[in-house]
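Q: work_24.csv (CSV, C-alpha atoms) pasted underneath:
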```csv
chain,number,residue,atom,x,y,z
D,3,MET,CA,13.1,21.7,2.9
D,4,GLU,CA,9.5,20.8,2.6
D,5,ILE,CA,10.0,18.2,-0.1
D,6,ARG,CA,12.5,16.4,2.1
D,7,ASN,CA,9.9,16.1,4.9
D,8,TYR,CA,7.0,14.5,3.1
D,9,GLN,CA,4.5,13.8,5.8
D,10,HIS,CA,2.0,11.0,5.5
D,11,ASN,CA,-1.0,10.5,7.6
D,12,TYR,CA,-2.2,7.0,8.3
D,13,LYS,CA,-5.9,6.1,8.0
D,14,HIS,CA,-8.0,3.5,9.9
D,15,ASN,CA,-5.5,2.4,12.4
D,16,ASP,CA,-4.1,3.3,15.8
D,17,ALA,CA,-1.3,5.1,14.2
D,18,LYS,CA,-3.6,7.7,12.7
D,19,GLN,CA,-1.9,10.5,14.4
D,20,GLU,CA,1.5,9.3,13.7
D,21,ILE,CA,3.4,11.2,11.1
D,22,VAL,CA,6.1,9.4,9.2
D,23,GLN,CA,8.8,11.0,7.3
D,24,PHE,CA,8.9,9.7,3.9
D,25,GLY,CA,10.0,10.5,0.5
D,26,ALA,CA,13.2,12.2,1.2
D,27,PRO,CA,15.0,11.2,-1.9
D,28,ASP,CA,18.5,10.2,-0.9
D,29,LYS,CA,21.6,11.4,-2.7
D,30,GLU,CA,21.6,8.4,-4.9
D,31,SER,CA,18.1,8.9,-6.3
D,32,THR,CA,18.4,12.7,-6.7
D,33,ASP,CA,21.7,12.2,-8.5
D,34,GLN,CA,19.9,10.1,-11.0
D,35,ASN,CA,17.5,13.0,-11.6
D,36,ILE,CA,14.5,10.8,-12.1
D,37,GLY,CA,11.7,12.1,-14.1
D,38,GLY,CA,12.1,15.7,-13.3
D,39,GLY,CA,13.4,15.6,-9.7
D,40,PRO,CA,12.1,15.7,-6.2
D,41,GLU,CA,9.0,17.7,-7.0
D,42,ILE,CA,7.7,14.9,-9.3
D,43,ASP,CA,8.7,12.4,-6.6
D,44,LEU,CA,6.6,14.2,-4.1
D,45,GLN,CA,3.6,14.4,-6.5
D,46,ILE,CA,3.9,10.7,-7.3
D,47,MET,CA,3.9,9.8,-3.7
D,48,ARG,CA,0.9,12.0,-3.0
D,49,GLN,CA,-1.0,10.4,-5.9
D,50,LEU,CA,-0.1,7.0,-4.6
D,51,GLU,CA,-1.4,8.0,-1.1
D,52,ARG,CA,-4.6,9.2,-2.6
D,53,THR,CA,-5.1,6.0,-4.5
D,54,TYR,CA,-4.3,3.9,-1.5
D,55,ASN,CA,-6.7,5.9,0.7
D,56,LYS,CA,-9.5,5.1,-1.8
D,57,LEU,CA,-8.8,1.4,-1.2
D,58,LEU,CA,-8.8,2.0,2.6
D,59,ASP,CA,-12.2,3.6,2.3
D,60,GLU,CA,-13.8,0.7,0.5
D,61,PRO,CA,-16.4,-1.1,2.6
D,62,ILE,CA,-15.2,-4.3,4.1
D,63,PRO,CA,-17.2,-7.3,3.0
D,64,ASP,CA,-19.4,-8.7,5.8
D,65,HIS,CA,-18.0,-12.2,5.5
D,66,LEU,CA,-14.5,-11.0,6.5
D,67,VAL,CA,-15.9,-9.5,9.7
D,68,ASP,CA,-18.1,-12.5,10.4
D,69,ILE,CA,-15.2,-14.9,10.2
D,70,LEU,CA,-13.7,-13.3,13.4
D,71,LYS,CA,-17.0,-13.6,15.2
D,72,LYS,CA,-17.2,-17.3,14.3
D,73,LEU,CA,-13.6,-17.9,15.3
D,74,GLU,CA,-14.3,-16.3,18.7
D,75,GLU,CA,-17.5,-18.3,19.1
D,76,GLN,CA,-15.7,-21.5,18.3
D,77,GLU,CA,-13.0,-20.7,20.9
D,78,ASN,CA,-15.6,-19.9,23.5
D,79,LYS,CA,-17.3,-23.3,22.9
D,80,THR,CA,-14.0,-25.2,23.4
M,14,MET,CA,-3.5,-11.6,24.6
M,15,SER,CA,-7.2,-12.2,25.0
M,16,SER,CA,-9.3,-13.3,22.1
M,17,GLU,CA,-11.3,-10.1,22.3
M,18,ALA,CA,-8.2,-8.0,22.1
M,19,VAL,CA,-7.0,-10.0,19.1
M,20,ARG,CA,-10.4,-9.7,17.4
M,21,GLN,CA,-10.4,-5.9,18.0
M,22,GLY,CA,-6.9,-5.7,16.6
M,23,LEU,CA,-7.7,-7.7,13.5
M,24,ILE,CA,-10.9,-5.7,12.9
M,25,SER,CA,-9.1,-2.4,13.2
M,26,TYR,CA,-6.5,-3.4,10.7
M,27,LEU,CA,-8.9,-5.1,8.3
M,28,PRO,CA,-9.1,-2.1,5.9
M,29,ASN,CA,-5.3,-1.8,5.8
M,30,LEU,CA,-4.8,-5.5,5.2
M,31,ARG,CA,-7.4,-5.5,2.4
M,32,ALA,CA,-6.0,-2.4,0.8
M,33,PHE,CA,-2.5,-3.9,0.9
M,34,ALA,CA,-3.8,-7.1,-0.6
M,35,ILE,CA,-5.7,-5.4,-3.4
M,36,ALA,CA,-2.6,-3.3,-4.2
M,37,LEU,CA,-0.4,-6.4,-4.2
M,38,CYS,CA,-2.6,-8.7,-6.4
M,39,SER,CA,-4.8,-6.2,-8.3
M,40,ASP,CA,-7.8,-8.4,-7.8
M,41,THR,CA,-10.5,-7.8,-5.2
M,42,ASP,CA,-11.8,-11.3,-4.9
M,43,ARG,CA,-8.3,-12.7,-4.6
M,44,ALA,CA,-7.4,-10.0,-2.1
M,45,ASP,CA,-10.4,-10.9,0.1
M,46,ASP,CA,-9.3,-14.6,0.1
M,47,LEU,CA,-5.9,-13.4,1.0
M,48,VAL,CA,-7.2,-11.3,3.9
M,49,GLN,CA,-9.4,-14.2,5.1
M,50,GLU,CA,-6.5,-16.6,5.1
M,51,THR,CA,-4.3,-14.1,6.9
M,52,MET,CA,-7.0,-13.7,9.6
M,53,LEU,CA,-7.3,-17.4,10.1
M,54,LYS,CA,-3.5,-17.8,10.3
M,55,ALA,CA,-3.2,-14.9,12.7
M,56,TRP,CA,-6.0,-16.2,14.9
M,57,HIS,CA,-4.5,-19.7,15.1
M,58,SER,CA,-1.0,-18.6,15.7
M,59,ILE,CA,-1.7,-15.7,18.0
M,60,ASP,CA,0.4,-17.5,20.7
M,61,THR,CA,3.5,-16.7,18.6
M,62,PHE,CA,2.7,-13.0,18.7
M,63,ARG,CA,4.6,-11.2,21.4
M,64,GLU,CA,2.4,-8.7,23.2
M,65,GLY,CA,3.7,-5.2,23.0
M,66,THR,CA,5.2,-5.6,19.6
M,67,ASN,CA,3.8,-4.3,16.4
M,68,LEU,CA,0.6,-6.2,15.6
M,69,ARG,CA,0.1,-4.3,12.3
M,70,ALA,CA,3.6,-5.3,11.1
M,71,TRP,CA,3.0,-8.9,12.3
M,72,LEU,CA,-0.3,-9.1,10.3
M,73,PHE,CA,1.3,-7.6,7.2
M,74,THR,CA,4.1,-10.1,7.4
M,75,ILE,CA,1.6,-12.9,7.5
M,76,LEU,CA,-0.3,-11.5,4.5
M,77,ARG,CA,2.7,-10.9,2.3
M,78,ASN,CA,4.1,-14.4,3.1
M,79,THR,CA,0.8,-15.9,2.3
M,80,TYR,CA,0.6,-14.0,-0.9
M,81,PHE,CA,4.1,-15.1,-2.1
M,82,SER,CA,3.5,-18.7,-1.0
M,83,GLU,CA,0.4,-18.7,-3.1
M,84,CYS,CA,2.2,-17.2,-6.0
M,85,ARG,CA,4.8,-19.9,-5.9
M,86,ARG,CA,2.1,-22.5,-5.6
M,87,ARG,CA,0.0,-21.2,-8.4
M,88,ARG,CA,3.0,-20.5,-10.6
M,89,ARG,CA,0.8,-18.2,-12.6
M,90,GLU,CA,2.6,-15.0,-12.0
M,91,VAL,CA,5.3,-13.9,-14.3
M,92,SER,CA,8.5,-13.4,-12.4
M,93,ASP,CA,10.0,-10.2,-13.4
M,94,ASN,CA,12.4,-9.2,-10.7
M,95,ASP,CA,14.8,-7.5,-13.1
M,96,GLY,CA,12.0,-5.5,-14.6
M,97,GLU,CA,12.8,-6.5,-18.1
M,98,TYR,CA,9.1,-7.3,-19.0
M,99,THR,CA,7.7,-4.2,-17.2
M,100,ALA,CA,10.3,-2.0,-18.8
M,101,LYS,CA,8.5,-2.6,-22.1
M,102,LEU,CA,5.1,-1.4,-20.7
M,103,CYS,CA,3.7,2.0,-20.0
M,104,VAL,CA,0.5,3.5,-18.8
M,105,ALA,CA,-1.0,6.4,-20.6
M,106,PRO,CA,-3.0,8.7,-18.4
M,107,ALA,CA,-6.7,8.3,-18.9
M,108,GLN,CA,-6.9,12.0,-19.9
M,109,GLN,CA,-4.2,14.4,-20.7
M,110,GLY,CA,-2.9,16.0,-17.6
M,111,ASN,CA,-5.2,14.1,-15.3
M,112,LEU,CA,-3.9,11.0,-13.6
M,113,ASP,CA,-6.4,9.1,-11.7
M,114,ALA,CA,-6.4,6.2,-9.3
M,115,LYS,CA,-6.9,3.6,-12.1
M,116,ASP,CA,-3.7,4.8,-13.8
M,117,VAL,CA,-1.8,4.4,-10.6
M,118,MET,CA,-3.2,1.0,-9.9
M,119,LYS,CA,-2.3,-0.1,-13.4
M,120,ALA,CA,1.2,1.3,-13.0
M,121,LEU,CA,1.5,-0.4,-9.6
M,122,ALA,CA,0.6,-3.7,-11.2
M,123,MET,CA,3.4,-3.3,-13.7
M,124,LEU,CA,6.1,-3.0,-11.1
M,125,SER,CA,8.0,-6.1,-10.0
M,126,GLU,CA,6.5,-7.7,-7.0
M,127,ASP,CA,9.4,-6.7,-4.8
M,128,GLN,CA,9.2,-3.1,-5.8
M,129,ARG,CA,5.5,-3.0,-5.5
M,130,GLU,CA,5.3,-4.3,-2.0
M,131,ALA,CA,8.2,-2.0,-0.9
M,132,LEU,CA,6.5,1.1,-2.4
M,133,ILE,CA,3.1,0.3,-0.8
M,134,LEU,CA,4.5,-0.6,2.6
M,135,VAL,CA,6.6,2.5,2.9
M,136,GLY,CA,4.9,5.0,0.6
M,137,ALA,CA,1.2,4.1,1.2
M,138,GLU,CA,1.0,2.3,4.5
M,139,GLY,CA,3.6,4.5,6.2
M,140,PHE,CA,5.8,1.8,7.6
M,141,ALA,CA,9.4,2.9,8.4
M,142,TYR,CA,12.1,1.4,6.2
M,143,GLU,CA,13.2,-0.7,9.1
M,144,GLU,CA,9.7,-2.1,9.7
M,145,ALA,CA,9.2,-2.8,6.0
M,146,ALA,CA,12.6,-4.6,5.9
M,147,VAL,CA,11.4,-6.9,8.7
M,148,ILE,CA,8.1,-7.5,7.0
M,149,CYS,CA,9.8,-8.4,3.7
M,150,GLY,CA,12.6,-10.3,5.4
M,151,CYS,CA,15.4,-8.3,3.8
M,152,ALA,CA,18.0,-5.6,4.6
M,153,VAL,CA,16.9,-2.0,5.1
M,154,GLY,CA,19.2,-0.9,2.2
M,155,THR,CA,17.4,-3.3,0.0
M,156,ILE,CA,14.0,-1.8,0.9
M,157,LYS,CA,15.4,1.7,0.2
M,158,SER,CA,16.7,0.7,-3.1
M,159,ARG,CA,13.5,-1.0,-4.1
M,160,VAL,CA,11.4,2.0,-3.1
M,161,ASN,CA,13.7,4.3,-5.1
M,162,ARG,CA,13.6,2.1,-8.1
M,163,ALA,CA,9.8,1.7,-7.8
M,164,ARG,CA,9.3,5.5,-7.7
M,165,THR,CA,11.5,5.9,-10.7
M,166,ARG,CA,9.7,3.2,-12.6
M,167,ILE,CA,6.2,4.4,-11.7
M,168,THR,CA,7.1,7.9,-12.8
M,169,GLU,CA,8.2,6.5,-16.1
M,170,LEU,CA,5.1,4.3,-16.4
M,171,LEU,CA,2.8,7.2,-15.7
M,172,GLY,CA,4.7,9.4,-18.2
M,173,VAL,CA,4.9,12.2,-15.7
M,174,LYS,CA,7.0,15.1,-16.9
M,175,ASN,CA,5.9,17.9,-14.7
M,176,GLY,CA,4.1,18.3,-11.4
M,177,GLN,CA,1.1,20.0,-13.0
M,178,GLU,CA,0.0,16.6,-14.4
M,179,PHE,CA,-1.3,15.8,-10.9
M,180,GLY,CA,-3.4,18.9,-10.6
M,181,PRO,CA,-7.2,18.8,-10.4
M,182,GLU,CA,-9.1,18.1,-13.6
M,183,PRO,CA,-10.2,21.2,-15.5
M,184,LEU,CA,-13.8,21.2,-14.3
M,185,THR,CA,-12.7,20.9,-10.6
M,186,GLU,CA,-10.1,23.6,-11.1
M,187,ALA,CA,-12.7,25.9,-12.6
M,188,VAL,CA,-15.1,25.3,-9.7
M,189,LEU,CA,-12.3,25.9,-7.2
M,190,SER,CA,-11.1,29.0,-8.8
M,191,ARG,CA,-14.7,30.4,-8.9
M,192,ASN,CA,-15.2,29.6,-5.2
M,193,PHE,CA,-12.0,31.2,-4.4
M,194,SER,CA,-12.7,34.4,-6.3
M,195,ALA,CA,-16.2,34.5,-4.7
M,196,THR,CA,-14.7,34.7,-1.3
M,197,ARG,CA,-12.4,37.4,-2.1
```
Could I get this structure in the form of structure tokens?

A:
Amino acid sequence: MEIRNYQHNYKHNDAKQEIVQFGAPDKESTDQNIGGGPEIDLQIMRQLERTYNKLLDEPIPDHLVDILKKLEEQENKT
Amino acid sequence: MSSEAVRQGLISYLPNLRAFAIALCSDTDRADDLVQETMLKAWHSIDTFREGTNLRAWLFTILRNTYFSECRRRRREVSDNDGEYTAKLCVAPAQQGNLDAKDVMKALAMLSEDQREALILVGAEGFAYEEAAVICGCAVGTIKSRVNRARTRITELLGVKNGQEFGPEPLTEAVLSRNFSATR
């Protein structure tokens, strides 16, 4: 069943192509009939994914990237 | 592992670490400090990383441990593991039938920290339950339970009653339907 095979694509990392099964509500959660059932579950998770992808797409501040360069330079000096 | 390889690894996971940090603490400046500290720790303790294992999971573990250590040190956060406080809160969608990222971020912030990190790691970052359990230092069953409870809670917080509430906003929908009929 499609809902039981929610597929999530990573972004910005080596595992970009990896597909992870997620969101299959186990018997426990479906028995509880949360907020309208598995369809809502799926929609919630997709919305979460969209929100998170927006965070992933935010530009990285330069100072975070520069730190690594400085650390490497320090190591090379020593 | 060579310093160049470490640097490349850290750079490639920077967006993920930063997104996770923002989702955890709901504060961009604090998240950047958290990522910076994580990178420094990772760099200085790279000898403890076993080559061939999961660098991403290792970095996420450092970040979440740093975050929770900081929380304990600051003692500013309200501990709400039982969800009693958050149970009293809810997030009304910005517009009827149109949930956006801000609503989700608000709702995420209202989850207990345990539930929030579990939901982000598994639901957003795509870690397997087993990997998330290692990162959080708990049992796989605990992670599954936290994710389920988080999903239930976030559904309640967002006040979602049917799947249509996640559809495109009316304007987008109108444009899409126009384009669709034009191609027919």

Q: With 6 Å as the limit and counting only C-alpha atoms, what residues in chain M lie close to chain D? Please list them as a PyMOL selection string.

A: chain M and resi 28+32+114+137+165+176

Q: Find the distance between atom CA of M:Lys157 and atom CA of M:Ala36 and write it in Å to one decimal.

A: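 According to the coordinates, atom CA of M:Lys157 and atom CA of M:Ala36 are separated by 19.2 Å.
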
Q: One decimal, Å: what's the distance from atom CA of M:Leu72 over to atom CA of M:Glu126, could you say?

A: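 We find that atom CA of M:Leu72 and atom CA of M:Glu126 lie 18.6 Å from each other.
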
Q: Quick one: distance from atom CA of M:Leu121 to atom CA of M:Ser158 in Å, one decimal?

A: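 Pair atom CA of M:Leu121 / atom CA of M:Ser158 returns 16.6 Å.
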
Q: Reconstruct N, CA and C atoms of stretch 132-163 of chain M; output as an mmCIF file, in the frame of the given file.

A:
```
data_model
loop_
_atom_site.group_PDB
_atom_site.id
_atom_site.type_symbol
_atom_site.label_atom_id
_atom_site.label_comp_id
_atom_site.auth_asym_id
_atom_site.auth_seq_id
_atom_site.Cartn_x
_atom_site.Cartn_y
_atom_site.Cartn_z
ATOM 1 N N LEU M 132 7.105 -0.277 -2.150
ATOM 2 C CA LEU M 132 6.500 1.100 -2.400
ATOM 3 C C LEU M 132 5.213 1.210 -1.567
ATOM 4 N N ILE M 133 4.393 0.173 -1.553
ATOM 5 C CA ILE M 133 3.100 0.300 -0.800
ATOM 6 C C ILE M 133 3.352 0.330 0.667
ATOM 7 N N LEU M 134 4.220 -0.541 1.146
ATOM 8 C CA LEU M 134 4.500 -0.600 2.600
ATOM 9 C C LEU M 134 4.989 0.749 3.112
ATOM 10 N N VAL M 135 5.963 1.293 2.398
ATOM 11 C CA VAL M 135 6.600 2.500 2.900
ATOM 12 C C VAL M 135 5.821 3.768 2.423
ATOM 13 N N GLY M 136 5.469 3.790 1.150
ATOM 14 C CA GLY M 136 4.900 5.000 0.600
ATOM 15 C C GLY M 136 3.393 5.157 0.900
ATOM 16 N N ALA M 137 2.661 4.040 0.980
ATOM 17 C CA ALA M 137 1.200 4.100 1.200
ATOM 18 C C ALA M 137 0.827 3.784 2.630
ATOM 19 N N GLU M 138 1.402 2.713 3.156
ATOM 20 C CA GLU M 138 1.000 2.300 4.500
ATOM 21 C C GLU M 138 1.772 3.078 5.598
ATOM 22 N N GLY M 139 2.859 3.709 5.215
ATOM 23 C CA GLY M 139 3.600 4.500 6.200
ATOM 24 C C GLY M 139 4.508 3.772 7.104
ATOM 25 N N PHE M 140 4.856 2.533 6.742
ATOM 26 C CA PHE M 140 5.800 1.800 7.600
ATOM 27 C C PHE M 140 7.202 2.469 7.401
ATOM 28 N N ALA M 141 7.973 2.443 8.479
ATOM 29 C CA ALA M 141 9.400 2.900 8.400
ATOM 30 C C ALA M 141 10.142 1.902 7.546
ATOM 31 N N TYR M 142 11.238 2.349 6.972
ATOM 32 C CA TYR M 142 12.100 1.400 6.200
ATOM 33 C C TYR M 142 12.433 0.196 6.968
ATOM 34 N N GLU M 143 12.747 0.422 8.230
ATOM 35 C CA GLU M 143 13.200 -0.700 9.100
ATOM 36 C C GLU M 143 12.055 -1.714 9.268
ATOM 37 N N GLU M 144 10.836 -1.195 9.477
ATOM 38 C CA GLU M 144 9.700 -2.100 9.700
ATOM 39 C C GLU M 144 9.413 -2.857 8.355
ATOM 40 N N ALA M 145 9.468 -2.144 7.239
ATOM 41 C CA ALA M 145 9.200 -2.800 6.000
ATOM 42 C C ALA M 145 10.264 -3.878 5.684
ATOM 43 N N ALA M 146 11.485 -3.615 6.109
ATOM 44 C CA ALA M 146 12.600 -4.600 5.900
ATOM 45 C C ALA M 146 12.257 -5.876 6.713
ATOM 46 N N VAL M 147 11.747 -5.708 7.923
ATOM 47 C CA VAL M 147 11.400 -6.900 8.700
ATOM 48 C C VAL M 147 10.257 -7.645 8.093
ATOM 49 N N ILE M 148 9.263 -6.903 7.632
ATOM 50 C CA ILE M 148 8.100 -7.500 7.000
ATOM 51 C C ILE M 148 8.519 -8.341 5.767
ATOM 52 N N CYS M 149 9.392 -7.753 4.963
ATOM 53 C CA CYS M 149 9.800 -8.400 3.700
ATOM 54 C C CYS M 149 10.980 -9.364 3.898
ATOM 55 N N GLY M 150 11.531 -9.370 5.095
ATOM 56 C CA GLY M 150 12.600 -10.300 5.400
ATOM 57 C C GLY M 150 13.893 -9.966 4.578
ATOM 58 N N CYS M 151 14.199 -8.674 4.480
ATOM 59 C CA CYS M 151 15.400 -8.300 3.800
ATOM 60 C C CYS M 151 16.094 -7.121 4.480
ATOM 61 N N ALA M 152 17.215 -6.674 3.945
ATOM 62 C CA ALA M 152 18.000 -5.600 4.600
ATOM 63 C C ALA M 152 17.280 -4.241 4.351
ATOM 64 N N VAL M 153 17.528 -3.307 5.248
ATOM 65 C CA VAL M 153 16.900 -2.000 5.100
ATOM 66 C C VAL M 153 17.391 -1.310 3.812
ATOM 67 N N GLY M 154 18.653 -1.487 3.487
ATOM 68 C CA GLY M 154 19.200 -0.900 2.200
ATOM 69 C C GLY M 154 18.465 -1.451 1.020
ATOM 70 N N THR M 155 18.104 -2.714 1.085
ATOM 71 C CA THR M 155 17.400 -3.300 0.000
ATOM 72 C C THR M 155 16.013 -2.680 -0.203
ATOM 73 N N ILE M 156 15.350 -2.431 0.923
ATOM 74 C CA ILE M 156 14.000 -1.800 0.900
ATOM 75 C C ILE M 156 14.168 -0.373 0.287
ATOM 76 N N LYS M 157 15.173 0.379 0.757
ATOM 77 C CA LYS M 157 15.400 1.700 0.200
ATOM 78 C C LYS M 157 15.598 1.727 -1.260
ATOM 79 N N SER M 158 16.415 0.782 -1.666
ATOM 80 C CA SER M 158 16.700 0.700 -3.100
ATOM 81 C C SER M 158 15.472 0.312 -3.889
ATOM 82 N N ARG M 159 14.688 -0.621 -3.364
ATOM 83 C CA ARG M 159 13.500 -1.000 -4.100
ATOM 84 C C ARG M 159 12.469 0.128 -4.161
ATOM 85 N N VAL M 160 12.343 0.882 -3.079
ATOM 86 C CA VAL M 160 11.400 2.000 -3.100
ATOM 87 C C VAL M 160 11.872 3.054 -4.113
ATOM 88 N N ASN M 161 13.151 3.335 -4.124
ATOM 89 C CA ASN M 161 13.700 4.300 -5.100
ATOM 90 C C ASN M 161 13.450 3.861 -6.523
ATOM 91 N N ARG M 162 13.747 2.589 -6.762
ATOM 92 C CA ARG M 162 13.600 2.100 -8.100
ATOM 93 C C ARG M 162 12.076 2.064 -8.504
ATOM 94 N N ALA M 163 11.240 1.732 -7.525
ATOM 95 C CA ALA M 163 9.800 1.700 -7.800
ATOM 96 C C ALA M 163 9.282 3.107 -8.131
#
```
